[in-house]
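Listing of entry_29.cif, mmCIF, C-alpha atoms
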data_query
loop_
_atom_site.label_atom_id
_atom_site.label_comp_id
_atom_site.auth_asym_id
_atom_site.auth_seq_id
_atom_site.Cartn_x
_atom_site.Cartn_y
_atom_site.Cartn_z
CA ASP A 694 -63.23 -41.88 61.43
CA HIS A 695 -61.97 -39.25 59.02
CA ASP A 696 -59.48 -41.49 57.23
CA HIS A 697 -61.97 -43.38 55.06
CA PHE A 698 -59.54 -44.04 52.21
CA SER A 699 -56.42 -45.04 54.16
CA HIS A 700 -56.38 -48.48 52.51
CA ASN A 701 -57.03 -47.23 48.97
CA PRO A 702 -53.74 -45.60 47.94
CA LYS A 703 -54.24 -46.50 44.26
CA LEU A 704 -57.58 -44.71 44.01
CA ASP A 705 -57.45 -42.21 41.16
CA TYR A 706 -61.09 -41.12 40.74
CA LEU A 707 -63.31 -40.14 43.67
CA LEU A 708 -66.95 -39.28 42.94
CA LEU A 709 -68.92 -37.84 45.85
CA GLU A 710 -71.32 -35.57 44.00
CA TYR A 711 -75.03 -35.17 44.81
CA ASN A 712 -74.75 -35.86 48.52
CA LYS A 713 -75.26 -33.74 51.61
CA ILE A 714 -71.63 -33.43 52.70
CA SER A 715 -71.23 -30.36 54.91
CA HIS A 716 -67.80 -31.14 56.35
CA PHE A 717 -64.74 -32.56 54.62
CA HIS A 718 -61.93 -33.45 57.03
CA VAL A 719 -58.51 -32.01 56.27
CA ASP A 720 -56.96 -35.52 56.33
CA ALA A 721 -59.66 -37.29 54.31
CA LEU A 722 -57.45 -37.47 51.20
CA LYS A 723 -53.99 -37.57 52.74
CA ASN A 724 -53.18 -41.11 51.57
CA LEU A 725 -54.55 -40.70 48.04
CA THR A 726 -51.33 -39.66 46.35
CA ASN A 727 -52.48 -41.11 43.02
CA LEU A 728 -55.79 -39.26 42.96
CA LYS A 729 -56.39 -37.58 39.60
CA MET A 730 -59.96 -36.38 39.94
CA ILE A 731 -62.31 -35.51 42.78
CA ASP A 732 -65.94 -34.51 42.33
CA LEU A 733 -67.75 -32.87 45.26
CA ASP A 734 -70.39 -31.19 43.13
CA GLU A 735 -73.84 -30.58 44.67
CA ASN A 736 -73.07 -30.85 48.37
CA ASN A 737 -73.39 -28.53 51.36
CA LEU A 738 -69.77 -27.53 51.87
CA THR A 739 -69.19 -24.04 53.26
CA THR A 740 -65.41 -24.23 53.57
CA ILE A 741 -62.42 -26.32 52.48
CA HIS A 742 -59.35 -26.43 54.73
CA LYS A 743 -56.21 -25.08 53.06
CA ASP A 744 -54.34 -28.39 53.57
CA THR A 745 -57.04 -30.69 52.18
CA PHE A 746 -55.15 -31.37 48.92
CA ARG A 747 -51.61 -31.08 50.27
CA ASN A 748 -50.65 -34.67 49.34
CA ASN A 749 -52.65 -34.96 46.12
CA VAL A 750 -49.94 -33.75 43.76
CA ASN A 751 -51.36 -35.78 40.86
CA LEU A 752 -54.79 -34.17 40.97
CA GLU A 753 -55.79 -32.96 37.51
CA ARG A 754 -59.46 -32.11 38.00
CA VAL A 755 -61.25 -30.65 41.02
CA TYR A 756 -65.00 -30.08 41.05
CA LEU A 757 -66.32 -28.09 44.00
CA ASN A 758 -69.24 -26.52 42.16
CA THR A 759 -72.73 -26.02 43.57
CA ASN A 760 -71.88 -25.84 47.25
CA GLN A 761 -72.04 -23.00 49.76
CA ILE A 762 -68.35 -22.10 49.81
CA GLN A 763 -67.73 -18.45 50.69
CA GLU A 764 -63.96 -18.23 50.46
CA ILE A 765 -61.09 -20.14 48.88
CA ASP A 766 -57.87 -20.04 50.90
CA VAL A 767 -54.94 -18.79 48.84
CA GLN A 768 -52.98 -21.96 49.70
CA LEU A 769 -55.67 -24.53 48.92
CA PHE A 770 -54.34 -25.49 45.46
CA ARG A 771 -50.68 -24.70 46.08
CA ASN A 772 -49.43 -28.30 45.64
CA LEU A 773 -51.60 -29.16 42.64
CA VAL A 774 -48.94 -28.66 40.00
CA ASN A 775 -50.77 -30.99 37.58
CA LEU A 776 -54.19 -29.33 37.87
CA VAL A 777 -55.77 -28.75 34.45
CA GLU A 778 -59.40 -28.05 35.37
CA ILE A 779 -61.08 -26.37 38.33
CA ASN A 780 -64.81 -25.81 38.77
CA LEU A 781 -65.91 -23.51 41.60
CA SER A 782 -69.18 -22.36 40.04
CA GLY A 783 -72.40 -22.00 41.97
CA ASN A 784 -70.92 -21.04 45.31
CA LYS A 785 -70.92 -17.82 47.35
CA ILE A 786 -67.37 -16.68 46.72
CA LYS A 787 -67.06 -12.88 46.92
CA GLN A 788 -63.38 -12.65 46.07
CA PHE A 789 -60.52 -14.93 45.26
CA HIS A 790 -57.06 -13.96 46.34
CA HIS A 791 -54.08 -13.19 44.14
CA GLY A 792 -51.91 -16.29 44.15
CA THR A 793 -54.78 -18.77 44.40
CA PHE A 794 -53.88 -20.34 41.05
CA TRP A 795 -50.24 -19.27 40.71
CA GLU A 796 -48.82 -22.77 41.27
CA ASN A 797 -51.28 -24.35 38.81
CA LYS A 798 -49.28 -23.63 35.69
CA LYS A 799 -50.95 -26.44 33.70
CA LEU A 800 -54.45 -25.06 34.29
CA THR A 801 -56.48 -24.95 31.07
CA ARG A 802 -60.09 -24.52 32.27
CA ALA A 803 -61.40 -22.44 35.18
CA ASP A 804 -65.08 -22.02 35.99
CA LEU A 805 -65.88 -19.38 38.62
CA SER A 806 -69.36 -18.58 37.35
CA ALA A 807 -72.46 -18.04 39.50
CA ASN A 808 -70.62 -16.63 42.50
CA GLN A 809 -70.54 -13.14 44.04
CA ILE A 810 -67.17 -11.93 42.78
CA GLU A 811 -67.11 -8.15 42.47
CA LYS A 812 -63.70 -7.25 41.04
CA ILE A 813 -60.86 -8.74 39.00
CA ASN A 814 -57.97 -6.47 39.97
CA LEU A 815 -54.19 -6.62 40.04
CA ASP A 816 -52.20 -7.34 43.16
CA HIS A 817 -50.10 -4.48 44.48
CA ASP A 818 -46.40 -4.59 45.22
CA ARG A 819 -45.86 -4.48 48.97
CA TYR A 820 -43.04 -1.93 48.64
CA SER A 821 -44.04 0.40 45.82
CA GLY A 822 -47.79 0.01 46.16
CA LEU A 823 -48.04 -0.31 42.39
CA PRO A 824 -50.13 -3.00 40.68
CA HIS A 825 -47.92 -5.78 39.31
CA GLU A 826 -49.57 -9.23 39.34
CA ASN A 827 -52.94 -10.44 38.11
CA HIS A 828 -55.01 -13.41 39.26
CA PHE A 829 -54.07 -15.54 36.26
CA GLY A 830 -50.53 -14.29 35.74
CA HIS A 831 -49.02 -17.78 35.96
CA ASN A 832 -51.74 -19.64 34.05
CA THR A 833 -50.41 -19.16 30.55
CA LYS A 834 -52.06 -22.39 29.31
CA LEU A 835 -55.54 -21.33 30.34
CA TYR A 836 -57.87 -21.43 27.33
CA SER A 837 -61.33 -21.30 28.94
CA LEU A 838 -62.37 -18.85 31.66
CA ASP A 839 -65.97 -18.63 32.84
CA LEU A 840 -66.89 -15.68 35.08
CA HIS A 841 -70.52 -15.23 34.09
CA ASP A 842 -73.28 -14.56 36.64
CA ASN A 843 -71.15 -12.75 39.21
CA LYS A 844 -71.21 -9.14 40.41
CA ILE A 845 -68.09 -7.97 38.62
CA SER A 846 -68.14 -4.19 38.23
CA HIS A 847 -64.44 -3.73 37.51
CA LEU A 848 -62.13 -5.71 35.24
CA HIS A 849 -58.58 -4.35 35.24
CA ALA A 850 -57.17 -3.57 31.81
CA TYR A 851 -54.35 -6.08 32.37
CA ALA A 852 -56.29 -8.74 34.26
CA LEU A 853 -55.97 -11.11 31.26
CA LYS A 854 -52.56 -9.93 30.09
CA ASN A 855 -50.70 -13.26 30.36
CA LEU A 856 -53.41 -15.40 28.81
CA GLU A 857 -52.15 -15.65 25.24
CA ASN A 858 -53.77 -19.09 24.84
CA LEU A 859 -57.20 -17.95 25.99
CA ILE A 860 -59.85 -19.07 23.50
CA ASP A 861 -63.10 -18.54 25.38
CA ILE A 862 -64.09 -16.04 28.07
CA ASP A 863 -67.58 -15.53 29.48
CA LEU A 864 -68.23 -12.29 31.38
CA SER A 865 -71.96 -12.17 30.77
CA ASP A 866 -74.50 -11.29 33.46
CA ASN A 867 -72.25 -9.06 35.55
CA ASN A 868 -72.21 -5.37 36.50
CA LEU A 869 -69.60 -4.16 34.03
CA ARG A 870 -70.04 -0.62 32.73
CA VAL A 871 -66.76 -0.13 30.91
CA ILE A 872 -64.31 -2.47 29.17
CA HIS A 873 -60.85 -0.92 28.74
CA GLU A 874 -59.57 -0.90 25.16
CA ASP A 875 -56.52 -3.00 26.18
CA THR A 876 -58.47 -5.72 28.01
CA PHE A 877 -58.13 -8.34 25.27
CA LYS A 878 -54.98 -6.92 23.69
CA HIS A 879 -52.79 -9.91 24.57
CA ASN A 880 -55.39 -12.65 23.97
CA ILE A 881 -54.41 -13.25 20.37
CA ASN A 882 -56.09 -16.67 20.16
CA LEU A 883 -59.44 -15.52 21.49
CA GLU A 884 -62.41 -16.97 19.59
CA THR A 885 -65.46 -16.23 21.76
CA VAL A 886 -66.20 -13.36 24.15
CA SER A 887 -69.52 -13.11 26.01
CA LEU A 888 -70.39 -9.69 27.44
CA SER A 889 -74.19 -9.85 27.36
CA ASP A 890 -76.39 -8.72 30.27
CA ASN A 891 -74.03 -6.11 31.66
CA ASN A 892 -74.39 -2.33 31.95
CA ILE A 893 -72.03 -1.50 29.08
CA ARG A 894 -73.15 1.53 27.08
CA ALA A 895 -70.34 1.72 24.54
CA ILE A 896 -67.60 -0.50 23.13
CA ASP A 897 -64.29 1.13 22.29
CA VAL A 898 -63.46 0.82 18.61
CA GLN A 899 -60.02 -0.55 19.53
CA LEU A 900 -61.26 -3.23 21.96
CA PHE A 901 -60.91 -6.23 19.62
CA ARG A 902 -58.20 -4.83 17.37
CA GLY A 903 -55.80 -7.77 17.92
CA ASN A 904 -58.35 -10.58 18.09
CA GLU A 905 -58.33 -11.85 14.53
CA ASN A 906 -59.67 -15.29 15.51
CA LEU A 907 -62.98 -14.08 16.93
CA LEU A 908 -65.84 -16.14 15.57
#
Rewritten as structure tokens:
Amino acid sequence: DHDHFSHNPKLDYLLLEYNKISHFHVDALKNLTNLKMIDLDENNLTTIHKDTFRNNVNLERVYLNTNQIQEIDVQLFRNLVNLVEINLSGNKIKQFHHGTFWENKKLTRADLSANQIEKINLDHDRYSGLPHENHFGHNTKLYSLDLHDNKISHLHAYALKNLENLIDIDLSDNNLRVIHEDTFKHNINLETVSLSDNNIRAIDVQLFRGNENLL
């Protein structure tokens, strides 16, 4: 029976961490319209169906860290308009698609650390072929972004352009060689930047020119 919570419509916190869950049925949460937090940390999940959270519009926090997830469908979080925190750390994600977080306009914290992400690029317009949207273009409330311990070798100069409220970003332990001088240009509230354990040989003198709040 995949509908374990059909008689618990008022459930708002669901803690399933530290188990051996390898399969999570697409309809397991369909009746939990009041759910605010789900924790699936430390399980054996390899995939999450794109419709798993379709009815959970009140979800604020989703913890899928420390599993074996290789890919996040671009539509997985599309209905989570109240999402404020997402933790996908400690998985095997190689890339996350443009649009994955576009509907999560209240998102404040995103942890994608300890994965296998290689690039943070801009999406390209289907007609002109020109870059025009970044991964976090709609997440203007995001203040904490953790990308440490990945394989990121390229960070587009405008990847963080819309994140004016960003306070903390961790890019340590990646494969970065160069950081464009405009990378943090729009992050006027930035306080901490971690770039340790990369392959960076030089820092442009203009890199932090607009970041007066750096600690």
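The interatomic distance for the pair atom CA of Asn880 of chain A and atom CA of Leu856 of chain A works out to 5.9 Å.
Using all atoms listed in the file, the shortest contact distance between Asn751 of chain A and any of A:Leu864, A:Val774, A:Ile786, A:Leu707 is found at A:Val774.
As for atom CA of Asp734 of chain A and atom CA of Ser887 of chain A, they are spaced 24.9 Å apart.
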Inset, instruction - Starting from the displayed file, determine the output of the PyMOL selection byres ((chain A and resi 899) around 12) and express the residue list as number ranges by chain. - result: A: 872-878, 895-898, 900-904
Convert the current residue selection to file output with C-alpha atoms, as a compact mmCIF listing (two decimals), in the coordinates of the input.
# COMPACT_ATOMS: atom_id res chain seq x y z
CA ILE A 872 -64.31 -2.47 29.17
CA HIS A 873 -60.85 -0.92 28.74
CA GLU A 874 -59.57 -0.90 25.16
CA ASP A 875 -56.52 -3.00 26.18
CA THR A 876 -58.47 -5.72 28.01
CA PHE A 877 -58.13 -8.34 25.27
CA LYS A 878 -54.98 -6.92 23.69
CA ALA A 895 -70.34 1.72 24.54
CA ILE A 896 -67.60 -0.50 23.13
CA ASP A 897 -64.29 1.13 22.29
CA VAL A 898 -63.46 0.82 18.61
CA LEU A 900 -61.26 -3.23 21.96
CA PHE A 901 -60.91 -6.23 19.62
CA ARG A 902 -58.20 -4.83 17.37
CA GLY A 903 -55.80 -7.77 17.92
CA ASN A 904 -58.35 -10.58 18.09
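Distance check against Met730 of chain A using only C-alpha atoms: of A:Glu764, A:Glu811, A:Asp804, A:Glu778, the minimum falls on A:Glu778.
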Legend entry - Contacts of His716 of chain A within 12 Å, all atoms listed in the file, excl. fewer than 4 positions in-chain, as an MDAnalysis selection string: chainID A and resid 695 712 720:721 733 736:742 745 760:762
Inset, instruction - For the structure shown, which residues end up in the PyMOL selection byres ((chain A and resi 743) around 8)? Put them as a list in words, please? - result: Val719, Ile741, His742, Asp744, Thr745, Phe746, Asp766, Val767, Gln768, Leu769 and Phe770 of chain A
Serialized segment 771-802 of chain A w/ N, CA, C and O atoms as a PDB file, in the first residue's frame:
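Here's the written file part_9.pdb:
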ATOM      1  N   ARG A 771       7.918  22.370  -8.712  1.00  0.00           N
ATOM      2  CA  ARG A 771       7.178  23.418  -9.405  1.00  0.00           C
ATOM      3  C   ARG A 771       5.986  23.980  -8.620  1.00  0.00           C
ATOM      4  O   ARG A 771       5.625  25.152  -8.784  1.00  0.00           O
ATOM      5  N   ASN A 772       5.353  23.159  -7.776  1.00  0.00           N
ATOM      6  CA  ASN A 772       4.178  23.613  -7.023  1.00  0.00           C
ATOM      7  C   ASN A 772       4.509  24.110  -5.621  1.00  0.00           C
ATOM      8  O   ASN A 772       3.616  24.532  -4.883  1.00  0.00           O
ATOM      9  N   LEU A 773       5.759  24.079  -5.254  1.00  0.00           N
ATOM     10  CA  LEU A 773       6.155  24.435  -3.893  1.00  0.00           C
ATOM     11  C   LEU A 773       6.432  25.933  -3.790  1.00  0.00           C
ATOM     12  O   LEU A 773       7.558  26.382  -3.576  1.00  0.00           O
ATOM     13  N   VAL A 774       5.370  26.702  -3.878  1.00  0.00           N
ATOM     14  CA  VAL A 774       5.486  28.163  -3.898  1.00  0.00           C
ATOM     15  C   VAL A 774       5.862  28.733  -2.528  1.00  0.00           C
ATOM     16  O   VAL A 774       6.230  29.907  -2.425  1.00  0.00           O
ATOM     17  N   ASN A 775       5.767  27.923  -1.482  1.00  0.00           N
ATOM     18  CA  ASN A 775       6.110  28.376  -0.135  1.00  0.00           C
ATOM     19  C   ASN A 775       7.451  27.836   0.361  1.00  0.00           C
ATOM     20  O   ASN A 775       7.821  28.048   1.519  1.00  0.00           O
ATOM     21  N   LEU A 776       8.177  27.166  -0.515  1.00  0.00           N
ATOM     22  CA  LEU A 776       9.459  26.556  -0.129  1.00  0.00           C
ATOM     23  C   LEU A 776      10.472  27.624   0.277  1.00  0.00           C
ATOM     24  O   LEU A 776      10.729  28.571  -0.472  1.00  0.00           O
ATOM     25  N   VAL A 777      11.050  27.462   1.469  1.00  0.00           N
ATOM     26  CA  VAL A 777      12.074  28.402   1.937  1.00  0.00           C
ATOM     27  C   VAL A 777      13.441  27.745   2.076  1.00  0.00           C
ATOM     28  O   VAL A 777      14.470  28.420   2.045  1.00  0.00           O
ATOM     29  N   GLU A 778      13.462  26.409   2.220  1.00  0.00           N
ATOM     30  CA  GLU A 778      14.746  25.725   2.397  1.00  0.00           C
ATOM     31  C   GLU A 778      14.753  24.385   1.682  1.00  0.00           C
ATOM     32  O   GLU A 778      13.816  23.599   1.799  1.00  0.00           O
ATOM     33  N   ILE A 779      15.825  24.139   0.929  1.00  0.00           N
ATOM     34  CA  ILE A 779      15.995  22.869   0.236  1.00  0.00           C
ATOM     35  C   ILE A 779      17.412  22.355   0.498  1.00  0.00           C
ATOM     36  O   ILE A 779      18.382  23.108   0.409  1.00  0.00           O
ATOM     37  N   ASN A 780      17.511  21.084   0.862  1.00  0.00           N
ATOM     38  CA  ASN A 780      18.815  20.470   1.086  1.00  0.00           C
ATOM     39  C   ASN A 780      18.937  19.231   0.211  1.00  0.00           C
ATOM     40  O   ASN A 780      18.218  18.248   0.395  1.00  0.00           O
ATOM     41  N   LEU A 781      19.831  19.302  -0.760  1.00  0.00           N
ATOM     42  CA  LEU A 781      20.088  18.202  -1.691  1.00  0.00           C
ATOM     43  C   LEU A 781      21.542  17.737  -1.588  1.00  0.00           C
ATOM     44  O   LEU A 781      22.045  17.050  -2.477  1.00  0.00           O
ATOM     45  N   SER A 782      22.204  18.086  -0.514  1.00  0.00           N
ATOM     46  CA  SER A 782      23.623  17.773  -0.367  1.00  0.00           C
ATOM     47  C   SER A 782      23.868  16.269  -0.232  1.00  0.00           C
ATOM     48  O   SER A 782      22.983  15.511   0.152  1.00  0.00           O
ATOM     49  N   GLY A 783      25.071  15.865  -0.567  1.00  0.00           N
ATOM     50  CA  GLY A 783      25.465  14.474  -0.370  1.00  0.00           C
ATOM     51  C   GLY A 783      24.763  13.488  -1.274  1.00  0.00           C
ATOM     52  O   GLY A 783      24.486  12.359  -0.875  1.00  0.00           O
ATOM     53  N   ASN A 784      24.485  13.903  -2.506  1.00  0.00           N
ATOM     54  CA  ASN A 784      23.913  13.005  -3.493  1.00  0.00           C
ATOM     55  C   ASN A 784      24.892  12.829  -4.655  1.00  0.00           C
ATOM     56  O   ASN A 784      26.092  13.075  -4.486  1.00  0.00           O
ATOM     57  N   LYS A 785      24.404  12.435  -5.814  1.00  0.00           N
ATOM     58  CA  LYS A 785      25.267  12.215  -6.971  1.00  0.00           C
ATOM     59  C   LYS A 785      24.802  13.040  -8.169  1.00  0.00           C
ATOM     60  O   LYS A 785      24.935  12.625  -9.317  1.00  0.00           O
ATOM     61  N   ILE A 786      24.260  14.208  -7.875  1.00  0.00           N
ATOM     62  CA  ILE A 786      23.708  15.072  -8.906  1.00  0.00           C
ATOM     63  C   ILE A 786      24.832  15.695  -9.735  1.00  0.00           C
ATOM     64  O   ILE A 786      25.722  16.342  -9.186  1.00  0.00           O
ATOM     65  N   LYS A 787      24.787  15.499 -11.044  1.00  0.00           N
ATOM     66  CA  LYS A 787      25.821  16.028 -11.934  1.00  0.00           C
ATOM     67  C   LYS A 787      25.447  17.391 -12.503  1.00  0.00           C
ATOM     68  O   LYS A 787      26.312  18.202 -12.819  1.00  0.00           O
ATOM     69  N   GLN A 788      24.148  17.606 -12.660  1.00  0.00           N
ATOM     70  CA  GLN A 788      23.675  18.898 -13.134  1.00  0.00           C
ATOM     71  C   GLN A 788      22.252  19.115 -12.651  1.00  0.00           C
ATOM     72  O   GLN A 788      21.528  18.156 -12.411  1.00  0.00           O
ATOM     73  N   PHE A 789      21.905  20.367 -12.458  1.00  0.00           N
ATOM     74  CA  PHE A 789      20.509  20.653 -12.177  1.00  0.00           C
ATOM     75  C   PHE A 789      20.026  21.648 -13.218  1.00  0.00           C
ATOM     76  O   PHE A 789      20.719  22.581 -13.597  1.00  0.00           O
ATOM     77  N   HIS A 790      18.831  21.391 -13.703  1.00  0.00           N
ATOM     78  CA  HIS A 790      18.330  22.089 -14.878  1.00  0.00           C
ATOM     79  C   HIS A 790      17.892  23.517 -14.577  1.00  0.00           C
ATOM     80  O   HIS A 790      17.434  23.830 -13.480  1.00  0.00           O
ATOM     81  N   HIS A 791      18.003  24.381 -15.571  1.00  0.00           N
ATOM     82  CA  HIS A 791      17.468  25.725 -15.459  1.00  0.00           C
ATOM     83  C   HIS A 791      15.955  25.607 -15.287  1.00  0.00           C
ATOM     84  O   HIS A 791      15.293  24.875 -16.001  1.00  0.00           O
ATOM     85  N   GLY A 792      15.425  26.304 -14.333  1.00  0.00           N
ATOM     86  CA  GLY A 792      13.990  26.238 -14.062  1.00  0.00           C
ATOM     87  C   GLY A 792      13.647  25.388 -12.863  1.00  0.00           C
ATOM     88  O   GLY A 792      12.506  25.412 -12.396  1.00  0.00           O
ATOM     89  N   THR A 793      14.617  24.638 -12.334  1.00  0.00           N
ATOM     90  CA  THR A 793      14.353  23.753 -11.206  1.00  0.00           C
ATOM     91  C   THR A 793      13.767  24.509 -10.017  1.00  0.00           C
ATOM     92  O   THR A 793      12.854  24.022  -9.347  1.00  0.00           O
ATOM     93  N   PHE A 794      14.291  25.710  -9.755  1.00  0.00           N
ATOM     94  CA  PHE A 794      13.845  26.485  -8.595  1.00  0.00           C
ATOM     95  C   PHE A 794      13.080  27.756  -8.978  1.00  0.00           C
ATOM     96  O   PHE A 794      12.844  28.616  -8.129  1.00  0.00           O
ATOM     97  N   TRP A 795      12.688  27.890 -10.218  1.00  0.00           N
ATOM     98  CA  TRP A 795      12.089  29.143 -10.674  1.00  0.00           C
ATOM     99  C   TRP A 795      10.750  29.469 -10.018  1.00  0.00           C
ATOM    100  O   TRP A 795      10.389  30.636  -9.889  1.00  0.00           O
ATOM    101  N   GLU A 796      10.000  28.445  -9.614  1.00  0.00           N
ATOM    102  CA  GLU A 796       8.703  28.693  -8.975  1.00  0.00           C
ATOM    103  C   GLU A 796       8.829  28.872  -7.462  1.00  0.00           C
ATOM    104  O   GLU A 796       7.850  29.194  -6.789  1.00  0.00           O
ATOM    105  N   ASN A 797      10.023  28.676  -6.938  1.00  0.00           N
ATOM    106  CA  ASN A 797      10.249  28.754  -5.482  1.00  0.00           C
ATOM    107  C   ASN A 797      10.778  30.137  -5.120  1.00  0.00           C
ATOM    108  O   ASN A 797      11.898  30.308  -4.666  1.00  0.00           O
ATOM    109  N   LYS A 798       9.920  31.117  -5.269  1.00  0.00           N
ATOM    110  CA  LYS A 798      10.339  32.511  -5.127  1.00  0.00           C
ATOM    111  C   LYS A 798      10.561  32.939  -3.682  1.00  0.00           C
ATOM    112  O   LYS A 798      11.087  34.020  -3.424  1.00  0.00           O
ATOM    113  N   LYS A 799      10.170  32.079  -2.726  1.00  0.00           N
ATOM    114  CA  LYS A 799      10.405  32.379  -1.311  1.00  0.00           C
ATOM    115  C   LYS A 799      11.661  31.687  -0.771  1.00  0.00           C
ATOM    116  O   LYS A 799      11.994  31.823   0.399  1.00  0.00           O
ATOM    117  N   LEU A 800      12.347  30.972  -1.639  1.00  0.00           N
ATOM    118  CA  LEU A 800      13.523  30.205  -1.230  1.00  0.00           C
ATOM    119  C   LEU A 800      14.597  31.103  -0.622  1.00  0.00           C
ATOM    120  O   LEU A 800      14.991  32.114  -1.220  1.00  0.00           O
ATOM    121  N   THR A 801      15.048  30.738   0.581  1.00  0.00           N
ATOM    122  CA  THR A 801      16.089  31.520   1.259  1.00  0.00           C
ATOM    123  C   THR A 801      17.388  30.737   1.438  1.00  0.00           C
ATOM    124  O   THR A 801      18.457  31.332   1.503  1.00  0.00           O
ATOM    125  N   ARG A 802      17.300  29.397   1.539  1.00  0.00           N
ATOM    126  CA  ARG A 802      18.490  28.574   1.756  1.00  0.00           C
ATOM    127  C   ARG A 802      18.484  27.390   0.780  1.00  0.00           C
ATOM    128  O   ARG A 802      17.490  26.668   0.692  1.00  0.00           O
TER     129      ARG A 802
END
